[in-house]
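Undergrad: Let me begin by handing over the structure; questions about it come next.
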Amino acid sequence: MVLEDASLALLQTALKRLKEGFNTLPEVEQPLDLEAVQNLLLEVAERMQDNYPYPHPLYAGQMLKPPAPIARLAYMLSLWINPNNHALDGGKASSALEKEAVADLAKMCGWERHLGHLCSGGTVANLEALWVAKNLHPGQKIVASSQAHYTHSRICKVLDIPFLAVPCNPRAQMDVGELKRLLETEKIGTVVVTLGTTATGSVDPLPEILELQKDYRFRLHADAAYGGYFRLVEDLAPETKQAFDCLNQVDSIVIDPHKHGLQPYGCGCVLFKEPTVGRFYHHDSPYTYFSSDELHLGEISLECSRPGSAAVALWATQRLFPLVPDGEFAQGLTQSCQGARILFNKLQQDSRFIVAFPPELDIVIWAVSGERASQSSRLAQAVFKAAARENLHLALATLPRYLLEQQGVVMEWDQDFITCLRSCLMKPEHLAWIESIWAILDRVTEGVLKGENFVTNLND
Ligand SMILES: *Cc1c(COP(=O)(O)O)cnc(C)c1O
C-alpha cells in the first residue's frame with residue numbers, strides 16, 4: 001500500500017473525545033451538502049493523482065518525506081478547532097504544545113535554555129535568525145559557503161545586509177582557510193554554517209570554525225534546516241559527528257521539522273541561545289493580546305497568524321517518537337545514512353558512474369562518465385528520464401567543476417559544471433529498497449549508454 005489509511009478510523013474516535021470538551025454549549029445547525037462535498041473530494045483525488053509517488057521508496061529524488069501518520073492525524077484533528085498560534089487568545093492549547101515541542105528541539109540541540117518558535121519553514125526561520133544577527137551587528141557582513149542554500153544571499157538582499165560567499169573545499173564544505181582570509185580583511189558580523197547542504201548533505205567543519213572565534217569575533221548561525229536531526233545519529237563519519245556534537249556552541253539554529261521531522265509542510269523552527277534577543281521583536285499591538293500575562297508566541301515571531309495545527313502535529317509526533325539517540329526516530333535516520341553509503345559504494349565500484357565524495361548524511365550525488373562535461377550532463381538527464389519511466393524517481397543537480405575535477409569525471413571541460421544525478425534517501429525504508437533501486441538504475445543506464453553508442457556510431 002502506497003497511501004497508508006488504516007490509521008484513518010482513529011480520527012473519528014479522537015474527534016468524539018475532542019467534542020466532549022465543548023458539550024456544555026448549545027447545539028448549532030451546520031447544514032452541509034454531503035453529496036456535493038463528496039463529488040468535489042473525488043475530483044480532488046483525481047487531480048492529486050498527477051503527482052510523483054513521494055511516499056514510495058522508489059521515489060528517491062528530491063527532499064520529500066511523508067509525514068508520520070500521527071502527524072497527519074493530529075494535524076487534521078486540530079483543524080476542527082483551527083487554532084492560530086499568533087496569540088494565546090487564538091491558540092491556547094496549541095501554543096502550550098508549541099512551547100513544549102520547541103523546547104524538545106532545543107534540548108536535542110543541547111540547550112536547556114533558549115528562545116524559539118515554529119514558523120512556516122526554513123526560509124522564514126533563517127530570515128529571523130539573520131535579522132537578529134543584523135540587529136546585533138549592524139553594518140557588518142554575513143557570510144555563508146558557496147554551497148549554502150540560496151536563501152541566505154536572497155534574505156540578505158531583503159534585509160539589506162552585505163553578503164559574501166565563502167568558497168568550498170572539494171567536499172562541498174565551507175573552506176576554513178578561505179573563511180579565515182575573509183575574517184582578516186572584511187568586517188564580518190555573522191558566519192552561517194550549514195549542517196547538511198541541500199545539494200549534497202555536506203556538513204561545514206564547525207569545530208574548526210569555532211576555533212577561529214579565539215582570534216576573531218563573529219556570531220555563528222547554523223542552518224540545520226535539513227540536517228539538524230542527524231545530531232541524534234551515532235553512526236556518522238567522525239568529522240561529521242564532531243560538527244553535530246558542537247551544535248550547542250552556535251548562537252542560533254534553524255531546523256525544519258517539515259524536512260526530516262515527519263511533519264506536513266509549514267513547519268520550520270528557529271532557536272536562539274540567548275533569550276534576550278526577544279527584545280528585537282518588541283511591538284505594541286493594540287488588539288491581539290489581552291487574555292493573560294503569559295508569553296504570546298506572536299511577541300517573539302515575525303509572522304503573525306500561524307497554524308497552531310503545525311504545533312499540535314509536531315508535539316504529538318515527538319511524543320510518539322522522542323528525539324533521543326537510541327529511539328526509533330534516530331534509528332530511521334541511521335537507516336537512511338546506511339542506505340546512502342550502500343548506494344555510494346555501488347556507484348563507486350561501477351565505471352559508468354563517478355562519485356565526488358562519500359555521503360555525510362543520506363544524500364548521494366553522482367555523475368555519469370563521459371568524454372565531455374556537456375555529454376556527461378546529457379547522459380545524466382537521459383538516465384533521469386529513463387529511470388522515471390521505470391518508476392524510479394531520482395533528482396538532478398548541477399555540481400561546479402571544482403567539486404568533480406579531482407575525480408577525473410570527464411576528459412574535456414567544455415562547460416564549468418556537470419548535471420549530476422542525486423538521490424535523497426530520506427525514508428528509512430530506502431535501506432531495504434537499495435537493491436531494487438540499483439537494479440533499475442543499472443538497467444536504465446545500460447539502455448541509455450547503448451542508445452548513446454548507437455547515436456555516436458551514426459554520427460561517425
Ligand atoms: C530547505 C532548506 C532551506 C529552506 O527551507 P524551506 O523550509 O524550504 O523554506 C534552507 N536551508 C537549507 C539547508 C535547506 O535544506
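Chain labels A, B, ... are given in the sequence in which chains occur in the C-alpha cells; within each chain residues are numbered consecutively from 1, and ligands are likewise numbered from 1 in the order shown.
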Pick out the residues no farther than 9 Å from ligand 1, counting only C-alpha atoms and all ligand atoms, and list them as a ChimeraX atom specification.
TA: /A:63,120-126,148-152,194-199,201,223-227,254-259,265-268
Undergrad: Atoms to include: N, CA and C atoms. Write the selected residues as an mmCIF file, in the first residue's frame.
TA:
data_model
loop_
_atom_site.group_PDB
_atom_site.id
_atom_site.type_symbol
_atom_site.label_atom_id
_atom_site.label_comp_id
_atom_site.auth_asym_id
_atom_site.auth_seq_id
_atom_site.Cartn_x
_atom_site.Cartn_y
_atom_site.Cartn_z
ATOM 1 N N MET A 63 14.116 16.278 -1.768
ATOM 2 C CA MET A 63 13.894 16.214 -0.311
ATOM 3 C C MET A 63 12.411 16.135 0.001
ATOM 4 N N SER A 120 6.833 29.123 9.237
ATOM 5 C CA SER A 120 6.352 28.410 8.050
ATOM 6 C C SER A 120 7.399 27.509 7.406
ATOM 7 N N GLY A 121 8.661 27.742 7.675
ATOM 8 C CA GLY A 121 9.683 26.883 7.084
ATOM 9 C C GLY A 121 11.073 27.440 7.293
ATOM 10 N N GLY A 122 12.033 26.792 6.655
ATOM 11 C CA GLY A 122 13.434 27.172 6.829
ATOM 12 C C GLY A 122 13.739 28.574 6.323
ATOM 13 N N THR A 123 13.012 29.008 5.311
ATOM 14 C CA THR A 123 13.280 30.336 4.759
ATOM 15 C C THR A 123 12.985 31.419 5.787
ATOM 16 N N VAL A 124 11.781 31.382 6.356
ATOM 17 C CA VAL A 124 11.408 32.390 7.352
ATOM 18 C C VAL A 124 12.250 32.218 8.619
ATOM 19 N N ALA A 125 12.545 30.985 8.986
ATOM 20 C CA ALA A 125 13.362 30.746 10.184
ATOM 21 C C ALA A 125 14.743 31.381 10.006
ATOM 22 N N ASN A 126 15.350 31.173 8.826
ATOM 23 C CA ASN A 126 16.655 31.787 8.564
ATOM 24 C C ASN A 126 16.547 33.307 8.497
ATOM 25 N N ALA A 148 25.914 26.879 0.447
ATOM 26 C CA ALA A 148 24.792 27.135 1.365
ATOM 27 C C ALA A 148 23.522 27.348 0.555
ATOM 28 N N HIS A 149 22.387 27.217 1.178
ATOM 29 C CA HIS A 149 21.110 27.431 0.489
ATOM 30 C C HIS A 149 21.055 28.860 -0.060
ATOM 31 N N TYR A 150 20.523 28.997 -1.275
ATOM 32 C CA TYR A 150 20.498 30.326 -1.904
ATOM 33 C C TYR A 150 19.666 31.327 -1.101
ATOM 34 N N THR A 151 18.868 30.817 -0.182
ATOM 35 C CA THR A 151 18.012 31.705 0.609
ATOM 36 C C THR A 151 18.840 32.735 1.401
ATOM 37 N N HIS A 152 20.081 32.376 1.788
ATOM 38 C CA HIS A 152 20.860 33.302 2.624
ATOM 39 C C HIS A 152 21.241 34.578 1.881
ATOM 40 N N THR A 194 26.445 25.640 7.448
ATOM 41 C CA THR A 194 25.372 24.755 7.009
ATOM 42 C C THR A 194 25.682 23.339 7.480
ATOM 43 N N LEU A 195 24.789 22.788 8.273
ATOM 44 C CA LEU A 195 24.974 21.401 8.697
ATOM 45 C C LEU A 195 24.011 20.555 7.868
ATOM 46 N N GLY A 196 24.525 20.123 6.731
ATOM 47 C CA GLY A 196 23.706 19.395 5.773
ATOM 48 C C GLY A 196 23.263 20.311 4.646
ATOM 49 N N THR A 197 24.128 20.450 3.613
ATOM 50 C CA THR A 197 23.732 21.308 2.495
ATOM 51 C C THR A 197 22.615 20.636 1.705
ATOM 52 N N THR A 198 21.857 21.472 1.018
ATOM 53 C CA THR A 198 20.687 20.971 0.314
ATOM 54 C C THR A 198 21.087 20.095 -0.882
ATOM 55 N N ALA A 199 22.166 20.447 -1.560
ATOM 56 C CA ALA A 199 22.539 19.677 -2.748
ATOM 57 C C ALA A 199 23.175 18.345 -2.398
ATOM 58 N N GLY A 201 24.233 17.325 1.105
ATOM 59 C CA GLY A 201 24.231 16.898 2.507
ATOM 60 C C GLY A 201 25.589 17.080 3.163
ATOM 61 N N ASP A 223 22.576 26.808 9.897
ATOM 62 C CA ASP A 223 21.432 26.419 9.081
ATOM 63 C C ASP A 223 21.415 24.886 9.045
ATOM 64 N N ALA A 224 20.640 24.336 9.963
ATOM 65 C CA ALA A 224 20.488 22.875 10.037
ATOM 66 C C ALA A 224 19.071 22.513 9.621
ATOM 67 N N ALA A 225 18.534 23.302 8.679
ATOM 68 C CA ALA A 225 17.162 23.066 8.214
ATOM 69 C C ALA A 225 17.018 21.617 7.773
ATOM 70 N N TYR A 226 17.986 21.162 6.991
ATOM 71 C CA TYR A 226 17.916 19.769 6.540
ATOM 72 C C TYR A 226 18.515 18.813 7.575
ATOM 73 N N GLY A 227 19.721 19.131 8.053
ATOM 74 C CA GLY A 227 20.498 18.122 8.769
ATOM 75 C C GLY A 227 20.336 18.071 10.276
ATOM 76 N N VAL A 254 18.581 26.900 12.867
ATOM 77 C CA VAL A 254 17.332 26.667 12.135
ATOM 78 C C VAL A 254 17.218 25.188 11.843
ATOM 79 N N ILE A 255 16.052 24.655 12.094
ATOM 80 C CA ILE A 255 15.819 23.240 11.832
ATOM 81 C C ILE A 255 14.399 23.107 11.291
ATOM 82 N N ASP A 256 14.250 22.286 10.273
ATOM 83 C CA ASP A 256 12.953 22.162 9.601
ATOM 84 C C ASP A 256 12.261 20.846 9.959
ATOM 85 N N PRO A 257 11.296 20.882 10.865
ATOM 86 C CA PRO A 257 10.554 19.637 11.102
ATOM 87 C C PRO A 257 9.833 19.134 9.846
ATOM 88 N N HIS A 258 9.582 20.028 8.877
ATOM 89 C CA HIS A 258 8.928 19.527 7.659
ATOM 90 C C HIS A 258 9.909 18.935 6.649
ATOM 91 N N LYS A 259 11.187 18.915 6.983
ATOM 92 C CA LYS A 259 12.139 18.202 6.120
ATOM 93 C C LYS A 259 12.336 16.785 6.650
ATOM 94 N N TYR A 265 4.155 20.080 5.412
ATOM 95 C CA TYR A 265 4.791 21.370 5.139
ATOM 96 C C TYR A 265 4.160 22.478 5.960
ATOM 97 N N GLY A 266 4.998 23.500 6.208
ATOM 98 C CA GLY A 266 4.543 24.616 7.019
ATOM 99 C C GLY A 266 5.080 24.509 8.431
ATOM 100 N N CYS A 267 6.213 23.821 8.589
ATOM 101 C CA CYS A 267 6.773 23.662 9.934
ATOM 102 C C CYS A 267 8.288 23.817 9.924
ATOM 103 N N GLY A 268 8.732 25.034 10.188
ATOM 104 C CA GLY A 268 10.152 25.299 10.403
ATOM 105 C C GLY A 268 10.333 25.734 11.844
#
Undergrad: Excluding same-chain residues fewer than 4 positions from Arg219 (chain A), what lies within 10 Å of it counting only C-alpha atoms, as a PyMOL selection string?
TA: chain A and resi 133+136-137+142+188-192+213+250-252
Undergrad: By how many Å are CA of Leu58 (chain A) and CA of Leu392 (chain A) apart?
TA: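 Separation of CA of Leu58 (chain A) and CA of Leu392 (chain A): 5.0 Å.
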Undergrad: Rank A:Gly370, A:Pro322, A:Gly451, A:Pro67 by their smallest atom-to-atom distance to Met108 (chain A), using only C-alpha atoms, and report the top residue only.
TA: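 Of A:Gly370, A:Pro322, A:Gly451, A:Pro67, the one nearest Met108 (chain A) is A:Pro322, counting only C-alpha atoms.
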Undergrad: DSSP on the backbone: which residues in region 80-272 of chain A end up as strand (DSSP E or B)? Give the answer as a VMD selection string.
TA: chain A and resid 84 115 to 119 141 to 145 163 to 166 168 174 188 to 195 203 219 to 223 252 to 255 268 to 272
Undergrad: List the spatial neighbours of region 113-117 of chain A as an MDAnalysis selection string - criterion: any atom at most 7 Å away, only C-alpha atoms, same-chain residues fewer than 6 positions off excluded.
TA: chainID A and resid 102 106 269:275
Undergrad: Would you put the residues from that selection into a file with N, CA and C atoms, as a PDB file, in the first residue's frame?
TA:
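Okay, this is what ended up in part17.pdb:
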ATOM      1  N   VAL A 102       9.032  22.863  20.933  1.00  0.00           N
ATOM      2  CA  VAL A 102      10.235  23.636  20.589  1.00  0.00           C
ATOM      3  C   VAL A 102      11.316  23.436  21.657  1.00  0.00           C
ATOM      4  N   ALA A 106      15.126  22.232  21.123  1.00  0.00           N
ATOM      5  CA  ALA A 106      16.282  22.939  21.688  1.00  0.00           C
ATOM      6  C   ALA A 106      17.139  21.972  22.513  1.00  0.00           C
ATOM      7  N   CYS A 269      11.595  25.867  12.261  1.00  0.00           N
ATOM      8  CA  CYS A 269      11.831  26.277  13.652  1.00  0.00           C
ATOM      9  C   CYS A 269      13.116  27.083  13.741  1.00  0.00           C
ATOM     10  N   VAL A 270      13.044  28.204  14.473  1.00  0.00           N
ATOM     11  CA  VAL A 270      14.257  28.978  14.738  1.00  0.00           C
ATOM     12  C   VAL A 270      14.489  29.001  16.243  1.00  0.00           C
ATOM     13  N   LEU A 271      15.762  28.820  16.607  1.00  0.00           N
ATOM     14  CA  LEU A 271      16.144  28.766  18.018  1.00  0.00           C
ATOM     15  C   LEU A 271      17.291  29.735  18.276  1.00  0.00           C
ATOM     16  N   PHE A 272      17.207  30.459  19.379  1.00  0.00           N
ATOM     17  CA  PHE A 272      18.292  31.363  19.787  1.00  0.00           C
ATOM     18  C   PHE A 272      18.819  30.903  21.139  1.00  0.00           C
ATOM     19  N   LYS A 273      20.140  30.931  21.274  1.00  0.00           N
ATOM     20  CA  LYS A 273      20.724  30.518  22.556  1.00  0.00           C
ATOM     21  C   LYS A 273      20.446  31.553  23.637  1.00  0.00           C
ATOM     22  N   GLU A 274      20.434  32.833  23.219  1.00  0.00           N
ATOM     23  CA  GLU A 274      20.300  33.923  24.190  1.00  0.00           C
ATOM     24  C   GLU A 274      18.869  34.473  24.157  1.00  0.00           C
ATOM     25  N   PRO A 275      18.040  34.110  25.164  1.00  0.00           N
ATOM     26  CA  PRO A 275      16.629  34.517  25.122  1.00  0.00           C
ATOM     27  C   PRO A 275      16.415  36.028  25.040  1.00  0.00           C
TER      28      PRO A 275
END
Undergrad: Give the answer as one residue: which of A:Leu41, A:Cys119, A:Leu10, A:Val176 has the shortest atom-to-atom distance to Leu77 (chain A), using only C-alpha atoms?
TA: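 Among the listed residues, A:Leu10 lies closest to Leu77 (chain A).
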Undergrad: Show me, as a compact mmCIF listing (two decimals) with N, CA, C and O atoms, in the first residue's frame, the residues that have an atom within 10 Å of Val324 (chain A) when counting only C-alpha atoms, minus same-chain residues fewer than 3 positions from it.
TA:
# COMPACT_ATOMS: atom_id res chain seq x y z
N ASP A 104 11.79 20.75 23.27
CA ASP A 104 12.40 19.43 22.98
C ASP A 104 13.41 19.52 21.83
O ASP A 104 14.44 18.85 21.85
N LYS A 107 16.47 21.12 23.25
CA LYS A 107 17.17 20.14 24.08
C LYS A 107 17.98 19.19 23.20
O LYS A 107 19.11 18.85 23.52
N MET A 108 17.37 18.79 22.09
CA MET A 108 18.10 17.93 21.16
C MET A 108 19.38 18.61 20.68
O MET A 108 20.40 17.97 20.45
N TYR A 229 18.41 17.08 12.60
CA TYR A 229 18.06 15.86 13.33
C TYR A 229 19.18 14.82 13.36
O TYR A 229 19.16 13.90 14.17
N ARG A 231 21.90 15.10 14.49
CA ARG A 231 22.59 15.17 15.77
C ARG A 231 22.27 13.94 16.62
O ARG A 231 23.02 13.58 17.52
N LEU A 232 21.16 13.28 16.34
CA LEU A 232 20.76 12.10 17.10
C LEU A 232 21.44 10.82 16.62
O LEU A 232 21.34 9.78 17.25
N VAL A 233 22.14 10.91 15.49
CA VAL A 233 22.70 9.69 14.88
C VAL A 233 24.15 9.49 15.33
O VAL A 233 24.96 10.40 15.27
N GLN A 318 6.56 14.08 18.32
CA GLN A 318 7.72 13.97 19.21
C GLN A 318 7.39 13.17 20.47
O GLN A 318 8.29 12.62 21.11
N PHE A 321 7.61 9.60 18.95
CA PHE A 321 9.00 9.31 18.55
C PHE A 321 9.93 10.31 19.21
O PHE A 321 10.34 11.30 18.58
N GLY A 327 16.35 6.05 20.09
CA GLY A 327 14.94 5.86 19.78
C GLY A 327 14.69 5.43 18.35
O GLY A 327 15.59 5.38 17.52
N GLU A 328 13.42 5.14 18.09
CA GLU A 328 13.01 4.65 16.77
C GLU A 328 13.26 5.71 15.69
O GLU A 328 13.62 5.40 14.55
N PHE A 329 13.04 6.98 16.05
CA PHE A 329 13.22 8.06 15.07
C PHE A 329 14.68 8.15 14.63
O PHE A 329 14.99 8.18 13.44
N ALA A 330 15.59 8.13 15.61
CA ALA A 330 17.02 8.18 15.30
C ALA A 330 17.42 6.95 14.48
O ALA A 330 18.25 7.04 13.55
N GLN A 331 16.81 5.82 14.80
CA GLN A 331 17.09 4.59 14.07
C GLN A 331 16.74 4.76 12.58
O GLN A 331 17.47 4.31 11.70
